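One structure below.
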Amino acid sequence: MWDYTDKVIDHFLNPRNVGEIEEADGVGEVGSIACGDALRLSFKLDDHGKIAEVKFKTFGCGSAIASSSVLTEMVKGLTLEEAQQITNQQIAEALGGLPQEKMHCSVMGREALEAAINNYRGIDVRHKEEIEGPLVCSCFGVHENLIRKVIRENNLSTVEQVTNYSKAGGGCASCHPRIEEILAEESKQRVARTAKAVPPDAKKRPLTNIQKINMIQDIIDKEIRPPLQKDGGDLELVDIVGDRVLVQLKGACIGCIASNLTIKSHVEAKLKEFVSDAITVEEVHE
Amino acid sequence: MNIVYLDNNATTRIAPEVFEEMKPFLTANYGNPSSMYKFGAVAGAAVKEARGRICSLINCKESELVFTSCGTESDNYAIRGVLDAYPDKKHIITTRVEHPAVLNTVTRMGKRGYKVTLLGVDREGRLNPDELRDALTDDTALVSIMYANNETGVIFPIEKAGEMVKARGIPFHVDAVQAIGKLPIDMEKLPVDLMSFSGHKLHAPKGIGALYIRRGTRIQPFMLGGHQERNRRGGTENVPYIAGLGKACDLARETIAHEQQTVRRLRDKLESGILSTIPGSIRNGHKDDRLPNTSNISFEYIEGEAILLLMDELGICASSGSACTSGALEPSHVLRAMGVPFTLSHGSVRFSLSRYTTEEEIDFVLKELPPIIQRLRNISPYWQESMAGVKKTG
């Protein structure tokens, strides 16, 4: 049985704002019966451009219904600009969290809201392709832009996570190579964004120690630890001595026969790629 | 809250008589059957008695039965053990609707160079024996087909299939985990070489299973260890659970008739009650070629996990082929193999009864289920539309 929070159960058993608004200002629909869940969201604005009324109808599991219900509570009284800022993470947080495999329910809520706002603004569905990007997963009809969005907003680093959040790749698996490519591109861009945070002239001069330490810590947290944690392992930065990075393996990584390989081909390779070619990584033991 | 347990294809309650049978071996009689003193021999005698009881339920010799830890181990042992014994043959035949214990084992062997043929089923979940005959080749090392399907209860024509397979001299394995205790099984008559059983589907505890191996079948041991089970399955005998399985089989000999009559009548009452009172409900699986305890029903325009959660609020336990209950994104591989459309497979619910199911429980479900279905349809964006469509065309 799923580990649903009391809030999920409450919103599932007592869904708020069920129904459809007649003469709604905006209506958004995402998903399909074939996909296993679908959500139709409609809203009406008041004279000040704020969401006065919002209703939903959902075909789906407990967490899909709960995500829809809590979303309607969250957007009431907001302007469309404010409503658009809501992320799937916030929907999940409002429910006290969702199981990883159910995160796509929160994404569906956010997508339906966006579709409804687009509908209100008269964005033509014929330009859907431009808005959504090329189709990546044909089993579940997931387009590239949604995949990039869930990767960015949730810091995803594996295909399995992308499937949990967007359903992409959950069927025949033939799009997995493409998702890998997108993950790699997003990972590069993420690092580019991180690098931008470092003052521009820092690139000309060698990094200061503080900058280097911050950057290494950042890369470890964002790029290196998530895939290890996925396999029940983890890693901690112990010290940085010149270009020597000392780390300690945790959890399932301890005693793993592949740990040496992990250090060299994953940890060191990433730090070389993103920080400096001179870096070497060493494992220290307690 | 009372529990209305209608998920007996998932697991069953331990029969009180079974528990009584096990108790001494969980407490005072803890000896090892292999030991050289009388205290151990007590345990050894219990194992022997249990083996005899199981053999008399399925009519086989005591030397043909090996105890395992569960149905999954039995399936693994049968498949890998036979393939190991025929290293020159590289083809396996099974069906698309097998339990994961068989499907995943066969898939693994496929990755190791075996050619795998997956036989399909028709819209009602039935196997076409002609398709099996056409699939047999000189390179076929093993055919593995389930006796009865865990999700739909549909029974396969094992006797007919076995005759075809044996005519070619090919080893034939049958996963009978769902069939034992519900259908009469006679190994003297069935043309089957290996058959898997599990204790917890027939009111014995979880953690005990058995594999029937016909005398003369070539098979390599799977679990290597001591001399137990005539060197075929290492590991100290799980004496209390073996005693429990023996007692459960003893009880099953007496209750099979009850399954076929009372359980079937209650199942039919539940099924026809649901189908006649809830619009947009459809049975999955052939009406007659089915286990007497299983009913799989799809409800249009709603999703199975949501149905289960609402039933759970009332203490009703069942399961669903919906994607969302498993963490997978696609619905049940069995329903998909049958060609059940997505519109129906996401909303499927399996009810599986046992000899402990009462008339009152069935009446309770028949009273409570229609409002649950309606409640979810009121939330569903598709239900009203479909009703509008009916009105227009009607």
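Each chain of the structure tokens is named A, B, ... in the order shown, its residues numbered from 1; ligands are numbered from 1 in display order.
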
Set out as CSV a contact list for range 103-152 of chain A and range 74-96 of chain A with a cut-off of 9 Å, giving each residue of range 103-152 of chain A that qualifies its closest atom pair and distance in Å to one decimal, counting only C-alpha atoms, ordered by chain and rising residue number.
```
residue,atom,partner,partner_atom,distance
A:Met103,CA,A:Ala92,CA,7.3
A:His104,CA,A:Asn88,CA,8.5
A:Cys105,CA,A:Asn88,CA,8.6
A:Ser106,CA,A:Asn88,CA,5.0
A:Val107,CA,A:Asn88,CA,5.0
A:Met108,CA,A:Asn88,CA,8.2
A:Gly109,CA,A:Asn88,CA,7.3
A:Arg110,CA,A:Asn88,CA,5.8
A:Glu111,CA,A:Asn88,CA,8.8
A:Leu113,CA,A:Gln84,CA,7.6
A:Glu114,CA,A:Gln84,CA,6.7
A:Ile117,CA,A:Leu80,CA,7.0
A:Val150,CA,A:Asn88,CA,8.4
```

At most 9 Å to chain B: residues in chain A, only C-alpha atoms, as a compact mmCIF listing (two decimals) with C-alpha atoms, in the first residue's frame:
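As written to disk, iface36.txt reads:
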```
# COMPACT_ATOMS: atom_id res chain seq x y z
CA MET A 1 0.00 0.00 0.00
CA TRP A 2 1.18 3.52 -0.74
CA ILE A 9 -6.24 10.85 2.18
CA PHE A 12 -9.11 12.16 -1.70
CA LEU A 13 -11.99 11.32 0.62
CA PRO A 15 -12.31 16.48 -2.54
CA VAL A 18 -15.38 19.12 -7.70
CA GLY A 19 -17.27 19.94 -10.86
CA GLU A 20 -17.21 22.11 -13.93
CA ILE A 33 -8.00 7.58 -20.15
CA ALA A 34 -5.28 5.65 -21.93
CA CYS A 35 -2.63 7.28 -19.74
CA GLY A 36 -4.48 6.28 -16.60
CA ASP A 37 -5.17 9.78 -15.39
CA ALA A 38 -6.71 12.96 -16.68
CA LEU A 39 -7.69 16.30 -15.20
CA ARG A 40 -10.06 19.00 -16.39
CA PHE A 56 -11.90 20.17 -11.25
CA LYS A 57 -12.84 16.76 -12.51
CA THR A 58 -10.26 14.00 -12.35
CA PHE A 59 -9.99 10.48 -13.68
CA GLY A 60 -7.24 8.85 -11.71
CA CYS A 61 -5.87 7.36 -8.55
CA GLY A 62 -6.07 8.69 -5.00
CA SER A 63 -3.11 11.00 -5.31
CA ILE A 65 -7.63 13.33 -7.12
CA GLU A 101 6.22 7.19 -8.09
CA LYS A 102 3.23 9.51 -7.75
CA THR A 163 9.36 8.72 -15.42
CA ASN A 164 8.12 9.24 -11.87
CA LYS A 167 5.46 9.41 -16.94
CA GLY A 170 7.19 4.43 -18.43
CA GLY A 171 5.90 2.35 -21.33
```

Strand (DSSP E or B) residues, from DSSP on the backbone, in range 53-237 of chain A, as a PDB file with N, CA and C atoms, in the first residue's frame:
```pdb
ATOM      1  N   GLU A  53     -13.416  31.487  -8.722  1.00  0.00           N
ATOM      2  CA  GLU A  53     -14.001  30.162  -8.617  1.00  0.00           C
ATOM      3  C   GLU A  53     -13.146  29.213  -9.442  1.00  0.00           C
ATOM      4  N   VAL A  54     -12.932  28.002  -8.916  1.00  0.00           N
ATOM      5  CA  VAL A  54     -12.139  27.029  -9.666  1.00  0.00           C
ATOM      6  C   VAL A  54     -12.685  25.644  -9.357  1.00  0.00           C
ATOM      7  N   LYS A  55     -12.828  24.830 -10.399  1.00  0.00           N
ATOM      8  CA  LYS A  55     -13.363  23.486 -10.186  1.00  0.00           C
ATOM      9  C   LYS A  55     -12.568  22.462 -10.987  1.00  0.00           C
ATOM     10  N   PHE A  56     -12.638  21.220 -10.527  1.00  0.00           N
ATOM     11  CA  PHE A  56     -11.902  20.174 -11.252  1.00  0.00           C
ATOM     12  C   PHE A  56     -12.743  18.915 -11.382  1.00  0.00           C
ATOM     13  N   LYS A  57     -12.377  18.147 -12.412  1.00  0.00           N
ATOM     14  CA  LYS A  57     -12.836  16.760 -12.514  1.00  0.00           C
ATOM     15  C   LYS A  57     -11.624  15.918 -12.867  1.00  0.00           C
ATOM     16  N   THR A  58     -11.458  14.815 -12.156  1.00  0.00           N
ATOM     17  CA  THR A  58     -10.260  13.995 -12.350  1.00  0.00           C
ATOM     18  C   THR A  58     -10.620  12.535 -12.527  1.00  0.00           C
ATOM     19  N   PHE A  59      -9.986  11.926 -13.522  1.00  0.00           N
ATOM     20  CA  PHE A  59      -9.992  10.475 -13.680  1.00  0.00           C
ATOM     21  C   PHE A  59      -8.620  10.038 -13.222  1.00  0.00           C
ATOM     22  N   THR A  79      -4.008  36.009  -8.683  1.00  0.00           N
ATOM     23  CA  THR A  79      -4.051  36.457 -10.079  1.00  0.00           C
ATOM     24  C   THR A  79      -3.457  35.333 -10.929  1.00  0.00           C
ATOM     25  N   LEU A 135       7.500  15.595 -29.578  1.00  0.00           N
ATOM     26  CA  LEU A 135       7.037  14.457 -28.770  1.00  0.00           C
ATOM     27  C   LEU A 135       8.224  13.549 -28.448  1.00  0.00           C
ATOM     28  N   VAL A 136       8.395  13.192 -27.191  1.00  0.00           N
ATOM     29  CA  VAL A 136       9.480  12.288 -26.812  1.00  0.00           C
ATOM     30  C   VAL A 136       8.934  10.893 -26.507  1.00  0.00           C
ATOM     31  N   CYS A 137       7.946  10.826 -25.595  1.00  0.00           N
ATOM     32  CA  CYS A 137       7.394   9.527 -25.193  1.00  0.00           C
ATOM     33  C   CYS A 137       6.037   9.351 -25.855  1.00  0.00           C
ATOM     34  N   VAL A 142       4.217  12.435 -23.954  1.00  0.00           N
ATOM     35  CA  VAL A 142       4.935  13.479 -23.226  1.00  0.00           C
ATOM     36  C   VAL A 142       5.913  14.183 -24.164  1.00  0.00           C
ATOM     37  N   HIS A 143       5.839  15.534 -24.156  1.00  0.00           N
ATOM     38  CA  HIS A 143       6.690  16.329 -25.042  1.00  0.00           C
ATOM     39  C   HIS A 143       7.945  16.796 -24.307  1.00  0.00           C
ATOM     40  N   GLY A 233      22.970   4.754  -1.711  1.00  0.00           N
ATOM     41  CA  GLY A 233      24.283   5.171  -1.233  1.00  0.00           C
ATOM     42  C   GLY A 233      24.321   6.679  -1.013  1.00  0.00           C
ATOM     43  N   ASP A 234      25.498   7.179  -0.684  1.00  0.00           N
ATOM     44  CA  ASP A 234      25.651   8.624  -0.533  1.00  0.00           C
ATOM     45  C   ASP A 234      27.139   8.923  -0.403  1.00  0.00           C
ATOM     46  N   LEU A 235      27.467  10.212  -0.354  1.00  0.00           N
ATOM     47  CA  LEU A 235      28.855  10.609  -0.298  1.00  0.00           C
ATOM     48  C   LEU A 235      28.953  11.943   0.434  1.00  0.00           C
ATOM     49  N   GLU A 236      30.065  12.120   1.147  1.00  0.00           N
ATOM     50  CA  GLU A 236      30.238  13.354   1.905  1.00  0.00           C
ATOM     51  C   GLU A 236      31.595  13.950   1.566  1.00  0.00           C
ATOM     52  N   LEU A 237      31.615  15.272   1.392  1.00  0.00           N
ATOM     53  CA  LEU A 237      32.879  15.962   1.169  1.00  0.00           C
ATOM     54  C   LEU A 237      33.573  16.107   2.516  1.00  0.00           C
TER      55      LEU A 237
END
```

CA of Gln178 in chain B to CA of Ile256 in chain B measures 13.1 Å

Report the distance between CA of Lys188 in chain A and CA of Cys139 in chain A in Å, rounded to one decimal place.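 Interatomic distance here is 27.5 Å.
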
Would you return as a PyMOL selection string the members of range 42-217 of chain B that DSSP assigns to alpha helix (DSSP H) on this structure's backbone? chain B and resi 42-58+71-85+100-111+129-135+158-167

Could you name the residues that touch Thr294 in chain B at 10 Å or less, counting only C-alpha atoms, but leaving out those on the same chain fewer than 6 positions away, as a ChimeraX atom specification? /B:6-9,149-154,263-264,267-268,271,285,350-354
